[in-house]
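Q: Contents are mmCIF, C-alpha atoms (C1' of nucleotides); file name target_37.cif:
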```cif
data_structure
loop_
_atom_site.label_atom_id
_atom_site.label_comp_id
_atom_site.auth_asym_id
_atom_site.auth_seq_id
_atom_site.Cartn_x
_atom_site.Cartn_y
_atom_site.Cartn_z
CA MET U 1015 -201.05 -23.75 57.78
CA GLU U 1016 -197.38 -23.13 57.21
CA ALA U 1017 -197.24 -21.55 60.65
CA ALA U 1018 -197.20 -17.96 59.39
CA ARG U 1019 -194.31 -17.10 61.70
CA ASN U 1020 -194.49 -14.44 64.33
CA LYS U 1021 -197.67 -13.58 66.13
CA GLN U 1022 -200.66 -15.16 64.56
CA ASP U 1023 -203.87 -13.83 65.98
CA VAL U 1024 -206.00 -15.83 68.34
CA PHE U 1025 -209.16 -15.60 66.21
CA GLN U 1026 -207.49 -17.40 63.38
CA ALA U 1027 -205.83 -19.89 65.71
CA ILE U 1028 -209.12 -21.13 67.10
CA ALA U 1029 -210.88 -21.15 63.75
CA ASP U 1030 -209.73 -24.69 63.07
CA PRO U 1031 -211.57 -27.55 64.84
CA THR U 1032 -208.42 -29.63 65.19
CA ARG U 1033 -206.74 -26.79 67.02
CA ARG U 1034 -209.71 -26.29 69.31
CA GLU U 1035 -209.61 -30.00 70.07
CA LEU U 1036 -205.91 -29.71 70.87
CA LEU U 1037 -206.61 -26.94 73.34
CA SER U 1038 -209.22 -28.99 75.15
CA ILE U 1039 -207.03 -32.10 75.26
CA LEU U 1040 -204.29 -30.04 76.80
CA GLY U 1041 -206.37 -29.31 79.85
CA ASP U 1042 -204.00 -28.80 82.67
CA GLN U 1043 -201.70 -31.60 81.62
CA GLU U 1044 -198.55 -31.12 79.62
CA LEU U 1045 -198.37 -33.63 76.78
CA PRO U 1046 -195.78 -34.63 74.17
CA LEU U 1047 -196.46 -34.49 70.45
CA LYS U 1048 -196.71 -38.25 70.06
CA GLU U 1049 -199.40 -38.46 72.71
CA LEU U 1050 -201.35 -35.60 71.13
CA THR U 1051 -201.08 -37.12 67.68
CA GLY U 1052 -202.80 -40.25 69.00
CA HIS U 1053 -206.05 -38.33 69.24
CA PHE U 1054 -206.26 -37.52 65.55
CA ALA U 1055 -206.52 -39.28 62.22
CA MET U 1056 -203.69 -37.33 60.70
CA SER U 1057 -199.93 -37.41 60.59
CA ARG U 1058 -197.64 -36.31 63.40
CA THR U 1059 -196.32 -33.56 61.14
CA ALA U 1060 -199.78 -32.13 60.62
CA VAL U 1061 -200.49 -32.03 64.34
CA SER U 1062 -197.11 -30.46 64.90
CA LYS U 1063 -197.97 -27.69 62.48
CA HIS U 1064 -201.25 -27.03 64.21
CA LEU U 1065 -199.39 -26.79 67.50
CA HIS U 1066 -197.03 -24.26 66.00
CA VAL U 1067 -199.95 -22.12 64.90
CA LEU U 1068 -201.27 -22.29 68.45
CA ALA U 1069 -197.82 -21.44 69.78
CA ASP U 1070 -197.60 -18.42 67.48
CA ALA U 1071 -200.85 -17.20 68.96
CA GLY U 1072 -199.44 -17.82 72.43
CA LEU U 1073 -202.12 -20.37 73.23
CA VAL U 1074 -199.60 -23.13 73.78
CA GLN U 1075 -196.07 -23.27 75.11
CA GLU U 1076 -193.56 -25.91 74.13
CA ARG U 1077 -190.71 -27.41 76.08
CA LYS U 1078 -188.14 -29.97 75.00
CA VAL U 1079 -187.63 -32.86 77.37
CA GLY U 1080 -185.23 -35.53 76.21
CA ARG U 1081 -186.25 -36.54 72.75
CA GLU U 1082 -189.80 -35.35 73.07
CA THR U 1083 -191.41 -31.94 72.83
CA ARG U 1084 -194.09 -31.31 75.38
CA TYR U 1085 -196.89 -28.83 75.04
CA ARG U 1086 -198.97 -27.09 77.61
CA LEU U 1087 -201.94 -24.79 77.42
CA ASN U 1088 -201.76 -21.07 78.02
CA THR U 1089 -205.16 -19.44 78.15
CA ASP U 1090 -203.96 -15.85 78.49
CA PRO U 1091 -204.51 -14.91 74.82
CA LEU U 1092 -208.13 -15.94 75.20
CA PHE U 1093 -208.66 -12.74 77.11
CA GLU U 1094 -208.63 -10.90 73.83
CA LEU U 1095 -211.51 -13.05 72.68
CA LYS U 1096 -213.37 -12.48 75.90
CA ARG U 1097 -212.88 -8.76 75.52
CA TRP U 1098 -214.07 -8.84 71.92
CA LEU U 1099 -217.15 -10.81 72.92
CA SER U 1100 -217.93 -8.42 75.73
CA TYR U 1101 -218.48 -5.67 73.17
CA PHE U 1102 -221.61 -7.51 72.09
CA ASP U 1103 -222.85 -8.02 75.62
CA ARG U 1104 -224.90 -4.87 75.40
CA PHE U 1105 -227.05 -6.46 72.72
CA TRP U 1106 -227.72 -9.42 74.93
CA ASP U 1107 -228.31 -7.02 77.76
CA ASN U 1108 -230.89 -5.28 75.63
CA LYS U 1109 -232.60 -8.56 74.99
CA LEU U 1110 -232.52 -9.44 78.64
CA SER U 1111 -233.82 -6.00 79.53
CA GLN U 1112 -236.65 -6.41 77.08
CA LEU U 1113 -237.37 -9.86 78.44
CA LYS U 1114 -237.28 -8.49 81.95
CA TYR U 1115 -239.71 -5.75 80.95
CA TYR U 1116 -241.98 -8.28 79.30
CA VAL U 1117 -241.98 -10.55 82.29
CA GLU U 1118 -242.43 -7.78 84.82
CA SER U 1119 -245.26 -6.17 82.89
CA ASP U 1120 -246.99 -9.46 83.58
CA SER U 1121 -249.87 -9.00 81.22
CA SER U 1122 -250.58 -11.42 78.43
CA ASP U 1123 -252.35 -8.84 76.27
CA GLU U 1124 -249.19 -6.85 75.71
CA GLN U 1125 -246.23 -7.78 73.65
CA MET B 273 -214.42 -17.26 50.68
CA GLU B 274 -216.93 -18.57 48.18
CA ALA B 275 -219.54 -18.57 50.91
CA ALA B 276 -219.34 -22.32 51.61
CA ARG B 277 -223.12 -22.60 51.55
CA ASN B 278 -225.15 -23.92 54.44
CA LYS B 279 -224.19 -23.43 58.03
CA GLN B 280 -220.71 -22.15 58.34
CA ASP B 281 -219.48 -22.21 61.89
CA VAL B 282 -219.12 -19.10 63.95
CA PHE B 283 -215.44 -19.65 64.75
CA GLN B 284 -214.51 -19.48 61.12
CA ALA B 285 -216.86 -16.58 60.47
CA ILE B 286 -215.15 -14.34 63.00
CA ALA B 287 -211.65 -15.40 62.00
CA ASP B 288 -211.47 -12.71 59.34
CA PRO B 289 -210.81 -9.12 60.48
CA THR B 290 -213.03 -7.63 57.78
CA ARG B 291 -215.93 -9.71 59.03
CA ARG B 292 -215.30 -8.71 62.65
CA GLU B 293 -215.25 -5.10 61.50
CA LEU B 294 -218.56 -5.62 59.72
CA LEU B 295 -220.11 -6.97 62.90
CA SER B 296 -219.04 -3.95 64.88
CA ILE B 297 -220.22 -1.50 62.24
CA LEU B 298 -223.57 -3.17 62.29
CA GLY B 299 -224.15 -2.22 65.89
CA ASP B 300 -227.83 -1.90 66.32
CA GLN B 301 -228.39 -0.20 63.00
CA GLU B 302 -229.49 -1.98 59.89
CA LEU B 303 -227.36 -0.95 56.91
CA PRO B 304 -227.42 -1.58 53.15
CA LEU B 305 -224.51 -3.13 51.29
CA LYS B 306 -223.48 0.10 49.64
CA GLU B 307 -223.16 1.84 52.97
CA LEU B 308 -221.16 -1.02 54.45
CA THR B 309 -218.87 -1.14 51.45
CA GLY B 310 -217.94 2.49 52.08
CA HIS B 311 -216.00 1.42 55.16
CA PHE B 312 -213.58 -0.80 53.30
CA ALA B 313 -210.95 -0.56 50.61
CA MET B 314 -212.35 -3.42 48.62
CA SER B 315 -215.06 -4.02 46.07
CA ARG B 316 -218.76 -4.23 46.82
CA THR B 317 -218.71 -7.85 45.69
CA ALA B 318 -216.03 -8.76 48.21
CA VAL B 319 -217.95 -7.18 51.07
CA SER B 320 -221.07 -8.93 49.88
CA LYS B 321 -219.31 -12.27 50.07
CA HIS B 322 -218.12 -11.58 53.58
CA LEU B 323 -221.67 -10.74 54.54
CA HIS B 324 -222.86 -14.02 53.11
CA VAL B 325 -220.31 -15.89 55.21
CA LEU B 326 -221.64 -14.05 58.25
CA ALA B 327 -225.18 -14.85 57.20
CA ASP B 328 -224.33 -18.53 56.87
CA ALA B 329 -223.09 -18.47 60.43
CA GLY B 330 -226.30 -16.72 61.45
CA LEU B 331 -224.44 -13.65 62.64
CA VAL B 332 -226.21 -11.40 60.19
CA GLN B 333 -229.67 -11.29 58.68
CA GLU B 334 -230.46 -9.78 55.34
CA ARG B 335 -233.61 -8.11 54.11
CA LYS B 336 -234.38 -6.73 50.69
CA VAL B 337 -235.83 -3.24 50.64
CA GLY B 338 -236.45 -1.78 47.23
CA ARG B 339 -233.26 -2.09 45.27
CA GLU B 340 -231.02 -2.41 48.28
CA THR B 341 -230.21 -5.28 50.60
CA ARG B 342 -230.00 -4.32 54.24
CA TYR B 343 -228.11 -6.23 56.85
CA ARG B 344 -228.51 -6.36 60.57
CA LEU B 345 -226.58 -8.00 63.35
CA ASN B 346 -227.72 -11.11 65.15
CA THR B 347 -225.56 -11.96 68.13
CA ASP B 348 -227.26 -15.24 69.05
CA PRO B 349 -224.61 -17.48 67.47
CA LEU B 350 -221.99 -15.81 69.64
CA PHE B 351 -223.39 -17.79 72.53
CA GLU B 352 -221.55 -20.80 71.18
CA LEU B 353 -218.32 -18.87 71.42
CA LYS B 354 -219.16 -17.76 74.92
CA ARG B 355 -219.87 -21.33 75.89
CA TRP B 356 -216.63 -22.55 74.39
CA LEU B 357 -214.68 -19.86 76.19
CA SER B 358 -216.34 -20.70 79.47
CA TYR B 359 -214.73 -24.13 79.35
CA PHE B 360 -211.41 -22.42 79.94
CA ASP B 361 -212.72 -20.32 82.78
CA ARG B 362 -211.60 -22.91 85.26
CA PHE B 363 -208.01 -22.28 84.29
CA TRP B 364 -208.40 -18.60 84.93
CA ASP B 365 -210.23 -19.51 88.10
CA ASN B 366 -207.26 -21.65 89.06
CA LYS B 367 -204.95 -18.76 88.50
CA LEU B 368 -207.17 -16.49 90.49
CA SER B 369 -207.42 -19.09 93.23
CA GLN B 370 -203.68 -19.45 93.28
CA LEU B 371 -203.28 -15.73 93.31
CA LYS B 372 -205.79 -15.51 96.11
CA TYR B 373 -203.91 -18.16 98.03
CA TYR B 374 -200.65 -16.40 97.41
CA VAL B 375 -201.99 -13.09 98.57
CA GLU B 376 -203.75 -14.51 101.60
CA SER B 377 -200.78 -16.55 102.70
CA ASP B 378 -199.09 -13.20 102.94
CA SER B 379 -195.59 -14.50 103.28
CA SER B 380 -192.82 -13.53 100.89
CA ASP B 381 -190.78 -16.70 101.52
CA GLU B 382 -193.37 -18.95 99.86
CA GLN B 383 -194.28 -19.15 96.24
"C1'" DT Y 212 -239.18 5.46 28.84
"C1'" DT Y 213 -234.73 6.12 29.51
"C1'" DG Y 214 -231.08 6.27 32.46
"C1'" DA Y 215 -228.86 5.60 36.77
"C1'" DC Y 216 -228.49 2.86 40.84
"C1'" DA Y 217 -227.89 -1.27 43.94
"C1'" DC Y 218 -227.24 -5.51 43.69
"C1'" DG Y 219 -226.40 -10.96 42.59
"C1'" DA Y 220 -224.11 -14.49 39.96
"C1'" DA Y 221 -220.44 -16.30 37.64
"C1'" DA Y 222 -215.89 -16.79 35.98
"C1'" DC Y 223 -211.51 -16.19 37.13
"C1'" DC Y 224 -206.88 -15.48 39.66
"C1'" DT Y 225 -203.44 -15.86 43.48
"C1'" DA Y 226 -202.02 -16.79 48.08
"C1'" DT Y 227 -202.85 -19.45 51.99
"C1'" DT Y 228 -204.25 -23.60 54.41
"C1'" DG Y 229 -204.33 -28.23 55.74
"C1'" DG Y 230 -202.54 -32.10 54.62
"C1'" DT Y 231 -198.84 -35.53 52.88
"C1'" DT Y 232 -194.14 -37.91 52.22
"C1'" DT Y 233 -189.23 -38.00 52.64
"C1'" DC Y 234 -185.08 -37.34 54.94
"C1'" DG Y 235 -181.93 -35.95 58.59
"C1'" DT Y 236 -180.69 -35.77 63.57
"C1'" DA Y 237 -180.60 -35.98 68.48
"C1'" DT Y 238 -181.78 -38.93 72.31
"C1'" DA Y 239 -182.87 -43.36 74.60
"C1'" DA Y 240 -182.73 -48.38 74.93
"C1'" DT Y 241 -180.36 -53.05 74.03
"C1'" DA P 1344 -172.19 -49.91 68.99
"C1'" DT P 1345 -176.37 -50.44 67.09
"C1'" DT P 1346 -181.06 -49.83 66.66
"C1'" DA P 1347 -185.43 -47.71 67.73
"C1'" DT P 1348 -187.84 -43.52 69.00
"C1'" DA P 1349 -189.47 -38.71 68.74
"C1'" DC P 1350 -189.09 -35.16 66.41
"C1'" DG P 1351 -188.05 -30.89 62.87
"C1'" DA P 1352 -187.47 -29.21 58.21
"C1'" DA P 1353 -188.40 -29.13 53.61
"C1'" DA P 1354 -190.64 -30.11 49.38
"C1'" DC P 1355 -194.72 -30.88 47.59
"C1'" DC P 1356 -199.95 -31.01 46.54
"C1'" DA P 1357 -205.05 -30.11 46.33
"C1'" DA P 1358 -208.60 -27.44 48.05
"C1'" DT P 1359 -210.19 -23.25 49.97
"C1'" DA P 1360 -210.28 -18.25 50.85
"C1'" DG P 1361 -210.12 -13.62 49.60
"C1'" DG P 1362 -210.11 -10.85 46.12
"C1'" DT P 1363 -211.15 -9.07 41.20
"C1'" DT P 1364 -213.82 -8.03 36.76
"C1'" DT P 1365 -217.75 -8.64 33.83
"C1'" DC P 1366 -222.43 -9.00 32.88
"C1'" DG P 1367 -227.36 -9.32 33.75
"C1'" DT P 1368 -231.54 -7.68 36.26
"C1'" DG P 1369 -234.87 -5.42 39.15
"C1'" DT P 1370 -235.98 -0.83 41.02
"C1'" DC P 1371 -236.11 4.14 41.47
"C1'" DA P 1372 -235.75 8.92 39.30
"C1'" DA P 1373 -236.10 12.38 35.40
#
```
Would you kindly transcribe this structure into structure tokens?

A:
Amino acid sequence: MEAARNKQDVFQAIADPTRRELLSILGDQELPLKELTGHFAMSRTAVSKHLHVLADAGLVQERKVGRETRYRLNTDPLFELKRWLSYFDRFWDNKLSQLKYYVESDSSDEQ
Amino acid sequence: MEAARNKQDVFQAIADPTRRELLSILGDQELPLKELTGHFAMSRTAVSKHLHVLADAGLVQERKVGRETRYRLNTDPLFELKRWLSYFDRFWDNKLSQLKYYVESDSSDEQ
DNA sequence: TTGACACGAAACCTATTGGTTTCGTATAAT
DNA sequence: ATTATACGAAACCAATAGGTTTCGTGTCAA
């Protein structure tokens, strides 16, 4: 971890299961570190580090309120992922096209 | 690396930029290791290891032909990614809904 | 049949990652 | 005023990741 300061990329940020879990816990609610830590079998410090990695990737925003630090989800960086994935759509499209062809040919003696 | 044998997950597999590059090079063409290595400034062995990580995640399939090993892309495991991403769609949908509302309300004194 | 080629396996090295514990500090509660 | 709470920062540690070099082996070419 060690929160490789300054703009971590989103692919790396979501590579860790704990971080993915954090993102899903932070649905649309803003939650403080203590609350988030409750969901995991690891120290508060560890969770905090994960959150900083997410923050570096822009996937989470933090806000200090009194003595607690609250985190909320920001899905914007996930667009990059979506875009990356879309590159491979054409392969699925090919498969679907082939399937479509197969179905429409409607003859069991062809393949 | 060290190709953590047996079913690596797709999130981790795509976390590395070299591996993402490999996936895009392997568009719909099947290519041997030597050819793939040519695209990178690292040893054949290193590229081979990356390919094995991809293979463990099911993103690549290998086939021995003569003295070379040829690799081809398999996008199926990316469905998991797509599915995971779709969970967050509702947040984008919210934003779009809000934007829609904002636009349709058509009054500059609201926000 | 003798090289050259394409590769896998293994040993090894360094930096990074994911975790911990300890300590200090600002804020809230009594 | 004192204590408890919520946290950040830093030092530290073991395991993993990404890379290398070396060596052995099966396959193709001369």

Q: Just so the selection is clear, what residues does the PyMOL selection byres ((chain Y) within 9 of (chain B)) cover here, as a list of chain:residue names?

A: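 In the shown coordinates, the PyMOL selection byres ((chain Y) within 9 of (chain B)) covers Y:DC216, Y:DA217, Y:DC218, Y:DG219.
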
Q: With a distance cut-off of 9 Å and only C-alpha atoms (C1' of nucleotides), select the neighbouring residues of region 230-237 of chain Y, excluding the residue or stretch itself and same-chain residues fewer than 6 positions from it, and output the selection as a ChimeraX atom specification.

A: /U:1056-1057,1059-1060,1081 /P:1350-1357

Q: Can I get the residues of chain P within 6 Å of chain B, each with the closest pair of atoms and their distance in Å to one decimal, using all atoms listed in the file, sorted chain first then ascending number, as CSV?

A:
```
residue,atom,partner,partner_atom,distance
P:DA1360,C1',B:Met273,CA,4.3
P:DG1361,C1',B:Met273,CA,5.7
P:DT1370,C1',B:Arg339,CA,5.2
```

Q: Determine the residue membership of the PyMOL selection byres ((chain B) within 12 of (chain U)) for the file above and supply it as JSON, numbers by chain.

A: {"B": [280, 281, 282, 283, 284, 285, 286, 287, 288, 289, 291, 292, 293, 295, 296, 297, 298, 299, 300, 301, 331, 345, 346, 347, 348, 349, 350, 351, 352, 353, 354, 355, 356, 357, 358, 359, 360, 361, 362, 363, 364, 365, 366, 367]}

Q: At what distance in Å, to one decimal, does CA of Arg342 (chain B) lie from CA of Asp328 (chain B)?

A: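 CA of Arg342 (chain B) lies 15.5 Å from CA of Asp328 (chain B).
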
Q: What's the separation between CA of Arg335 (chain B) and C1' of DT213 (chain Y), in Å to one decimal place?

A: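 Atom-to-atom, CA of Arg335 (chain B) to C1' of DT213 (chain Y), that is 28.4 Å.
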
Q: So that I can see what lies close to DA1347 (chain P), please list as a PyMOL selection string the residues with an atom at most 10 Å from it, counting all atoms listed in the file and leaving out residues fewer than 6 positions away in the same chain.

A: chain Y and resi 239-241

Q: Quote the spacing between CA of Tyr1085 (chain U) and CA of His1053 (chain U) in Å to one decimal place.

A: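 Atom-to-atom, CA of Tyr1085 (chain U) to CA of His1053 (chain U), that is 14.4 Å.
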